[in-house]
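Below is one structure, written out as C-alpha cells; comments come after it.
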Amino acid sequence: MLSTTLTDDERDALHETYRHLHRNPELSMQEHRTAEFIERRLDEIGIEHFRCGGTGVVGIQRNGEGPVVGFRADSDGLPIQEDTGADYASTATGELADGTTVPVMHGCGHDTHVSSALATAALMARQTDGWSGTIVWLFQPGEETAAGAAAMVDDGLWDRAPKPEVVLGQHVFPSVPSGGVAISRGTAMALADSLKVTVFGTQSHGSQPQNAIDPIVLGAHMVTRLQTIVSRELSPQEPAVVTCGTFHAGLKENIIPDRAEFTLNIRTLTEESRARVLPAITRIVNAEAEASGAPQPQIEEIYRFPRLYNDPERADQVITALRSELGDDRVVEVPPAMGSEDFGWLADSIGVPCVFWFFGGFAAENTAPPVNHSPFFLPDMEPTLSTAVRAGVATLQQALARP
C-alpha cells in the first residue's frame, strides 16, 4: 500500500506552493509564470515534461511497464477582486481580450488543484516500489473559458504523450465538507453554451418614442420569453437552465438607443436537450425582433463546454479507492451538477473513460458552506489540501497497483 501521509517537509512545501499560486494568479490562457513554476517543480521531482496548448504543461512520470493514467489539474484564475484579508492575498492584475485591466484571483480553487497535484506527484515519486506504469500529469490552462483542454488536444497532446486508459480529475468545492468527497456515476456535469445577442433598433429622443424601435423594450421581451423554454418547452423532468447574465444598452436616460446587447448562459445535461434549447433561443430572439419591426438580431457563440460523463465502471473503482482511503461515510454519491467543465474533452477526444470528483472545501463544523464563487479560497488550507493529496494517491494506486 502506498502511503498518503506527507512528511513535515512535504506538507510545508505543499502549503507554500498553495500560497505562492494563490498570491500569483493569471487569467485563462495567460498562465505563463504559473507554467514556469510548475515546470520547475516537476524538474525538482524528476518528472519529464513539455509545454502544450500554449500555457499548459504535461508531465510524464514513468515507472516501468503497466497502465497509463492521466491526471488533470487546471491552473487559471478569474477576474475577481480579492478581499479575503489573507497575508498571501492576490494583488495581481490581468488584461482581458478587449484590453480592460482587471484584478485577478484564484476564486475557483485552481491553486488548490495544482498544488495538491504536485504534492501527489512527489509522493508517487518516492514510492515507486508500490506502483507500476505511467502517470500523465495534465496541468491544463484555460478551464474557465473552455479553451484549455481543446488547446492542448489541438496542440497534439495525445501524439506527444502516452495515451491513457483513463483520465482522472478532481475539483475543490465549498459545499462539500473538508475531508469528504462527492462523486457522480454517469453524467457528472452539464453541457454549457454562452451566447452574445445584439438587438438592433432605431434611435430617437425619449420624448419621441413613435420614431424609435426601442431595443431595450425588445430585449426585455426576449429575456422574459426565453425563460419559457425551460418552463414550457421542456419536460419538468428534463433539467436545463437559461440565464441572462448581462444586459447593456444606452448612454443617456432620455435617449432611446439604437442597440442593446445581452449575454446568455445555457446549461443542459444531454445533447438532446441542447439540440432543443439552442434552436428555441434563436427562434424566440428572431420572432420577437420581427414582432417589433426590428432587424434580425445577431447571435454569437462566446464558448461551449462539453458534457462531463463519469464512466460508471471506472467511477465504481474510484469510489472504492476513495472509501478505502477516506472512509465510507466521507464519500457520497450525488446527482449531476449543472456547473460545467472542459475536463471531459481530454478523454472524449481519444475515446477513453474519465472520472471526476469534488473534494471538500469548507470546515465541517461550519453551519453552512459559502454560497458564491469566491469562497473557493481556503482560510484553513490543511484539511482540504491533505484530502486532495490522499484522494489523488488512492485513486492512482488503484489504477497502477503492482500485480
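We name chains A, B, ... following the order of the C-alpha cells; residues begin at 1 in each chain, and ligands are numbered from 1 as shown.
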Closest-contact table, stretch 244-360 of chain A side, partner stretch 72-79 of chain A, 12 Å, counting only C-alpha atoms, as CSV:
residue,atom,partner,partner_atom,distance
A:Glu341,CA,A:Asp74,CA,10.3
A:Asp342,CA,A:Asp74,CA,10.0
A:Phe343,CA,A:Arg72,CA,7.7
A:Gly344,CA,A:Arg72,CA,10.3
A:Trp345,CA,A:Arg72,CA,11.5
A:Leu346,CA,A:Arg72,CA,8.9
A:Ala347,CA,A:Arg72,CA,10.6
A:Cys354,CA,A:Arg72,CA,10.5
A:Val355,CA,A:Arg72,CA,10.6
A:Phe356,CA,A:Arg72,CA,9.5
A:Trp357,CA,A:Arg72,CA,11.6
7 Å contact set for stretch 230-232 of chain A, only C-alpha atoms, chain neighbours under 3 positions out, as number ranges by chain: A: 227, 240-241
With only C-alpha atoms counted and 10 Å as the cut-off, give the residues of stretch 45-116 of chain A in contact with stretch 26-29 of chain A, each with its shortest interatomic distance in Å and the pair that gives it, as a Markdown table.
| residue | atom | partner | partner_atom | distance |
| --- | --- | --- | --- | --- |
| A:Gly53 | CA | A:Met29 | CA | 8.5 |
| A:Gly54 | CA | A:Met29 | CA | 7.2 |
| A:Thr55 | CA | A:Met29 | CA | 6.2 |
| A:Gly56 | CA | A:Met29 | CA | 8.4 |
| A:Asp74 | CA | A:Ser28 | CA | 9.9 |
| A:Ser75 | CA | A:Ser28 | CA | 8.2 |
| A:Asp76 | CA | A:Ser28 | CA | 5.0 |
| A:Gly77 | CA | A:Leu27 | CA | 5.1 |
| A:Leu78 | CA | A:Leu27 | CA | 5.9 |
| A:Pro79 | CA | A:Leu27 | CA | 7.1 |
| A:Ala92 | CA | A:Glu26 | CA | 7.7 |
| A:Thr93 | CA | A:Glu26 | CA | 7.9 |
| A:Gly94 | CA | A:Leu27 | CA | 6.3 |
| A:Glu95 | CA | A:Leu27 | CA | 7.8 |
| A:Leu96 | CA | A:Leu27 | CA | 8.1 |
| A:Val102 | CA | A:Leu27 | CA | 9.6 |
| A:Pro103 | CA | A:Leu27 | CA | 9.5 |
| A:Val104 | CA | A:Glu26 | CA | 6.6 |
| A:Met105 | CA | A:Glu26 | CA | 7.8 |
| A:His106 | CA | A:Glu26 | CA | 8.2 |
Contacts of stretch 183-197 of chain A within 7 Å, only C-alpha atoms, excl. fewer than 3 positions in-chain, as an MDAnalysis selection string: chainID A and resid 261:269 297:312 315 332:341 357:358
With C-alpha atoms kept, could you save the residues just selected as a PDB file, in the first residue's frame?
ATOM      1  CA  GLU A 261     -26.593  43.632 -26.032  1.00  0.00           C
ATOM      2  CA  PHE A 262     -27.175  40.818 -23.600  1.00  0.00           C
ATOM      3  CA  THR A 263     -25.423  37.539 -22.860  1.00  0.00           C
ATOM      4  CA  LEU A 264     -26.913  34.144 -22.136  1.00  0.00           C
ATOM      5  CA  ASN A 265     -25.628  31.077 -20.368  1.00  0.00           C
ATOM      6  CA  ILE A 266     -27.366  27.783 -21.123  1.00  0.00           C
ATOM      7  CA  ARG A 267     -26.954  24.529 -19.180  1.00  0.00           C
ATOM      8  CA  THR A 268     -28.257  21.161 -20.323  1.00  0.00           C
ATOM      9  CA  LEU A 269     -27.454  17.591 -19.307  1.00  0.00           C
ATOM     10  CA  PRO A 297     -30.577  40.246 -34.216  1.00  0.00           C
ATOM     11  CA  GLN A 298     -27.033  38.909 -34.197  1.00  0.00           C
ATOM     12  CA  ILE A 299     -26.356  35.803 -32.105  1.00  0.00           C
ATOM     13  CA  GLU A 300     -22.692  34.942 -31.448  1.00  0.00           C
ATOM     14  CA  GLU A 301     -21.217  31.995 -29.575  1.00  0.00           C
ATOM     15  CA  ILE A 302     -18.873  33.000 -26.768  1.00  0.00           C
ATOM     16  CA  TYR A 303     -17.883  29.474 -25.710  1.00  0.00           C
ATOM     17  CA  ARG A 304     -19.243  25.997 -25.125  1.00  0.00           C
ATOM     18  CA  PHE A 305     -18.394  23.277 -22.626  1.00  0.00           C
ATOM     19  CA  PRO A 306     -18.786  19.566 -23.356  1.00  0.00           C
ATOM     20  CA  ARG A 307     -20.686  17.200 -21.090  1.00  0.00           C
ATOM     21  CA  LEU A 308     -18.652  15.585 -18.351  1.00  0.00           C
ATOM     22  CA  TYR A 309     -19.510  11.884 -18.205  1.00  0.00           C
ATOM     23  CA  ASN A 310     -18.104   9.634 -15.476  1.00  0.00           C
ATOM     24  CA  ASP A 311     -17.691   6.142 -16.847  1.00  0.00           C
ATOM     25  CA  PRO A 312     -19.786   4.008 -14.438  1.00  0.00           C
ATOM     26  CA  ALA A 315     -16.362   5.502 -11.229  1.00  0.00           C
ATOM     27  CA  VAL A 332     -21.137  10.452  -1.088  1.00  0.00           C
ATOM     28  CA  GLU A 333     -22.745   9.899  -4.459  1.00  0.00           C
ATOM     29  CA  VAL A 334     -24.555  12.931  -5.837  1.00  0.00           C
ATOM     30  CA  PRO A 335     -26.738  13.723  -8.867  1.00  0.00           C
ATOM     31  CA  PRO A 336     -25.262  15.602 -11.838  1.00  0.00           C
ATOM     32  CA  ALA A 337     -24.224  19.217 -11.236  1.00  0.00           C
ATOM     33  CA  MET A 338     -25.463  21.985 -13.530  1.00  0.00           C
ATOM     34  CA  GLY A 339     -21.991  23.529 -13.470  1.00  0.00           C
ATOM     35  CA  SER A 340     -19.654  22.767 -16.358  1.00  0.00           C
ATOM     36  CA  GLU A 341     -16.078  21.658 -17.048  1.00  0.00           C
ATOM     37  CA  TRP A 357     -14.971  14.153  -8.332  1.00  0.00           C
ATOM     38  CA  PHE A 358     -15.236  17.006  -5.847  1.00  0.00           C
TER      39      PHE A 358
END
Could you give me, as number ranges by chain, each residue of stretch 285-398 of chain A that DSSP assigns to strand (DSSP E) when run on this structure's backbone? A: 298-305, 308-310, 331-333, 354-362
Top pick for closest residue to A:Glu290, considering A:Phe200, A:Gly245, A:Gly351, A:Val68 and counting only C-alpha atoms: A:Phe200
